[in-house]
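Report on the following structure.
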Amino acid sequence: MSFASERTNIEGRFNTNWTTTTIAWGNTDFDMPNNAAWVRFNILNGNTSYRAINGLKRHTGIINIQIFGPINSGTHTIREYSDTIAAIFDGQSFNDVVCDVASIQTIGTDDKFHQVNVNIPYWRDE
């Protein structure tokens, strides 16, 4: 599987299963909502190494979804969104992509949004 196919498969799974907010995809135009939650989708590629047992290449990375909720709206909804995102990928295997356990990271608040990131490590063999 190529890096392009990897992205298509991972993005496709999220796009099919996430209907809650608008999604900002990498390197595309996006109109940020003024007072509504939204998410940004990222694939952070990691190291590639040869597997000694079978000579395959193992590609690793992190599926990173940034959740932005309006300030002064609390964190309950953002954490529910985190649970939903985790369920989409946590421990799932699809199209040769294998996902590990999801975790969340609170980033903080700026003048418009409160941000929490959901990170899901993944790998695929080639």
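Residues are named by chain letter and number: chains run A, B, ... in the order of the structure tokens, numbers start at 1 in each chain, and ligands are numbered from 1 in the order shown.
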
**Request:** Please provide as a VMD selection string all residues within 7 Å of Gly69 of chain A, with the sequence filter that same-chain residues fewer than 5 positions apart are discarded (counting only C-alpha atoms).
**Result:** chain A and resid 36 to 38 78 113 to 115

Those same residues, written as an mmCIF file, in the first residue's frame with N, CA and C atoms?
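Saved file part_16.cif follows:
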```
data_model
loop_
_atom_site.group_PDB
_atom_site.id
_atom_site.type_symbol
_atom_site.label_atom_id
_atom_site.label_comp_id
_atom_site.auth_asym_id
_atom_site.auth_seq_id
_atom_site.Cartn_x
_atom_site.Cartn_y
_atom_site.Cartn_z
ATOM 1 N N ALA A 36 -19.261 27.274 16.695
ATOM 2 C CA ALA A 36 -19.665 25.871 16.644
ATOM 3 C C ALA A 36 -18.410 25.000 16.677
ATOM 4 N N ALA A 37 -18.568 23.793 17.165
ATOM 5 C CA ALA A 37 -17.451 22.854 17.219
ATOM 6 C C ALA A 37 -17.068 22.396 15.812
ATOM 7 N N TRP A 38 -15.809 22.026 15.646
ATOM 8 C CA TRP A 38 -15.307 21.478 14.390
ATOM 9 C C TRP A 38 -14.055 20.661 14.691
ATOM 10 N N ILE A 78 -16.917 18.081 24.089
ATOM 11 C CA ILE A 78 -15.632 17.741 23.464
ATOM 12 C C ILE A 78 -15.188 16.344 23.879
ATOM 13 N N PHE A 113 -11.641 29.142 20.844
ATOM 14 C CA PHE A 113 -11.914 27.716 20.980
ATOM 15 C C PHE A 113 -11.109 27.058 22.095
ATOM 16 N N HIS A 114 -11.674 25.973 22.618
ATOM 17 C CA HIS A 114 -10.966 25.067 23.515
ATOM 18 C C HIS A 114 -10.604 23.839 22.677
ATOM 19 N N GLN A 115 -9.356 23.368 22.778
ATOM 20 C CA GLN A 115 -8.880 22.282 21.916
ATOM 21 C C GLN A 115 -8.473 21.057 22.708
#
```

**Message:** Considering only strand (DSSP E) as DSSP defines it on the backbone, what residues of chain A qualify? List them as an MDAnalysis selection string.
**Reply:** chainID A and resid 22:24 38:50 57:70 93:94 97:99 103:109 113:125

Write the residues of the preceding selection, restricted to C-alpha atoms, as a compact mmCIF listing (two decimals), in the first residue's frame.
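again.txt, written as the output of this step:
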```txt
# COMPACT_ATOMS: atom_id res chain seq x y z
CA THR A 22 -17.46 19.85 9.88
CA ILE A 23 -13.99 18.47 9.12
CA ALA A 24 -10.95 20.51 8.12
CA TRP A 38 -15.31 21.48 14.39
CA VAL A 39 -12.43 19.03 13.89
CA ARG A 40 -9.16 19.03 11.96
CA PHE A 41 -7.92 15.69 10.58
CA ASN A 42 -4.20 14.89 10.33
CA ILE A 43 -2.07 11.86 9.58
CA LEU A 44 1.37 12.14 11.16
CA ASN A 45 3.63 9.59 9.51
CA GLY A 46 6.30 8.06 11.71
CA ASN A 47 9.24 5.76 11.14
CA THR A 48 9.47 2.98 8.59
CA SER A 49 11.62 -0.06 9.33
CA TYR A 50 12.19 -3.55 7.99
CA LYS A 57 8.49 -2.81 5.70
CA ARG A 58 6.47 -1.57 8.68
CA HIS A 59 5.15 1.98 8.41
CA THR A 60 4.02 3.67 11.61
CA GLY A 61 2.18 6.88 12.37
CA ILE A 62 -0.45 8.67 14.38
CA ILE A 63 -3.96 9.56 13.33
CA ASN A 64 -4.43 12.96 14.97
CA ILE A 65 -7.85 14.59 15.19
CA GLN A 66 -7.98 18.03 16.76
CA ILE A 67 -11.35 18.92 18.27
CA PHE A 68 -12.27 22.58 18.69
CA GLY A 69 -15.21 23.60 20.88
CA PRO A 70 -16.43 27.17 21.46
CA SER A 93 -8.06 -3.05 11.47
CA PHE A 94 -9.14 -1.98 7.99
CA VAL A 97 -4.12 -0.44 8.54
CA VAL A 98 -3.98 -1.59 12.18
CA CYS A 99 -4.88 0.92 14.90
CA SER A 103 -5.59 8.67 23.82
CA ILE A 104 -6.63 12.29 24.33
CA GLN A 105 -4.57 15.36 25.07
CA THR A 106 -5.96 18.68 26.29
CA ILE A 107 -4.24 21.50 24.42
CA GLY A 108 -6.04 24.47 25.97
CA THR A 109 -8.06 27.53 25.11
CA PHE A 113 -11.91 27.72 20.98
CA HIS A 114 -10.97 25.07 23.52
CA GLN A 115 -8.88 22.28 21.92
CA VAL A 116 -8.52 18.59 22.70
CA ASN A 117 -6.56 16.20 20.46
CA VAL A 118 -7.34 12.52 19.93
CA ASN A 119 -4.25 10.50 18.93
CA ILE A 120 -4.42 6.97 17.58
CA PRO A 121 -1.12 5.18 16.80
CA TYR A 122 -1.31 2.94 13.74
CA TRP A 123 0.88 0.74 11.57
CA ARG A 124 0.75 -1.04 8.25
CA ASP A 125 3.08 -3.57 6.64
```

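When the distance limit is 12 Å and only C-alpha atoms are what count, the residues near Thr8 of chain A, minus those fewer than 5 positions from it on the same chain, are Met1, Ser2, Phe3, Arg13, Phe14, Asn15, Thr16, Trp25, Ile43, Phe94, Asn95 and Val97 of chain A.
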
Could you please take those selected residues and save N, CA and C atoms as a PDB file, in the first residue's frame?
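New file result_17.pdb:
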```pdb
ATOM      1  N   MET A   1       0.842  -1.166   0.000  1.00  0.00           N
ATOM      2  CA  MET A   1       0.000   0.000   0.000  1.00  0.00           C
ATOM      3  C   MET A   1       0.897   1.241   0.000  1.00  0.00           C
ATOM      4  N   SER A   2       0.571   2.186  -0.816  1.00  0.00           N
ATOM      5  CA  SER A   2       1.343   3.422  -0.907  1.00  0.00           C
ATOM      6  C   SER A   2       0.920   4.401   0.187  1.00  0.00           C
ATOM      7  N   PHE A   3       1.693   5.465   0.358  1.00  0.00           N
ATOM      8  CA  PHE A   3       1.313   6.500   1.312  1.00  0.00           C
ATOM      9  C   PHE A   3       0.001   7.163   0.893  1.00  0.00           C
ATOM     10  N   ARG A  13     -12.300   6.145   6.248  1.00  0.00           N
ATOM     11  CA  ARG A  13     -12.950   5.582   7.439  1.00  0.00           C
ATOM     12  C   ARG A  13     -13.509   6.702   8.314  1.00  0.00           C
ATOM     13  N   PHE A  14     -12.725   7.757   8.506  1.00  0.00           N
ATOM     14  CA  PHE A  14     -13.205   8.847   9.349  1.00  0.00           C
ATOM     15  C   PHE A  14     -14.379   9.574   8.688  1.00  0.00           C
ATOM     16  N   ASN A  15     -14.259   9.872   7.430  1.00  0.00           N
ATOM     17  CA  ASN A  15     -15.315  10.598   6.720  1.00  0.00           C
ATOM     18  C   ASN A  15     -16.636   9.829   6.717  1.00  0.00           C
ATOM     19  N   THR A  16     -16.566   8.508   6.600  1.00  0.00           N
ATOM     20  CA  THR A  16     -17.767   7.673   6.602  1.00  0.00           C
ATOM     21  C   THR A  16     -18.430   7.621   7.980  1.00  0.00           C
ATOM     22  N   TRP A  25      -9.831  19.248   6.355  1.00  0.00           N
ATOM     23  CA  TRP A  25      -8.876  18.286   5.798  1.00  0.00           C
ATOM     24  C   TRP A  25      -7.580  19.009   5.450  1.00  0.00           C
ATOM     25  N   ILE A  43      -2.816  13.113   9.484  1.00  0.00           N
ATOM     26  CA  ILE A  43      -2.069  11.857   9.576  1.00  0.00           C
ATOM     27  C   ILE A  43      -0.613  12.246   9.742  1.00  0.00           C
ATOM     28  N   PHE A  94      -8.403  -2.198   9.234  1.00  0.00           N
ATOM     29  CA  PHE A  94      -9.142  -1.984   7.990  1.00  0.00           C
ATOM     30  C   PHE A  94      -8.156  -1.705   6.864  1.00  0.00           C
ATOM     31  N   ASN A  95      -8.370  -2.304   5.723  1.00  0.00           N
ATOM     32  CA  ASN A  95      -7.546  -2.086   4.528  1.00  0.00           C
ATOM     33  C   ASN A  95      -6.048  -2.121   4.837  1.00  0.00           C
ATOM     34  N   VAL A  97      -4.506  -1.391   7.499  1.00  0.00           N
ATOM     35  CA  VAL A  97      -4.120  -0.438   8.543  1.00  0.00           C
ATOM     36  C   VAL A  97      -4.584  -1.020   9.880  1.00  0.00           C
TER      37      VAL A  97
END
```

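Separating atom CA of Thr77 of chain A from atom CA of Phe30 of chain A is a distance of 22.1 Å.
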
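Taking atom CA of Phe89 of chain A and atom CA of Asn9 of chain A as endpoints, the distance between them is 11.9 Å.
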
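Nearest to Met32 of chain A of all the residues A:Asn17, A:Ser82, A:Gln92, A:Lys112 is A:Lys112, counting only C-alpha atoms.
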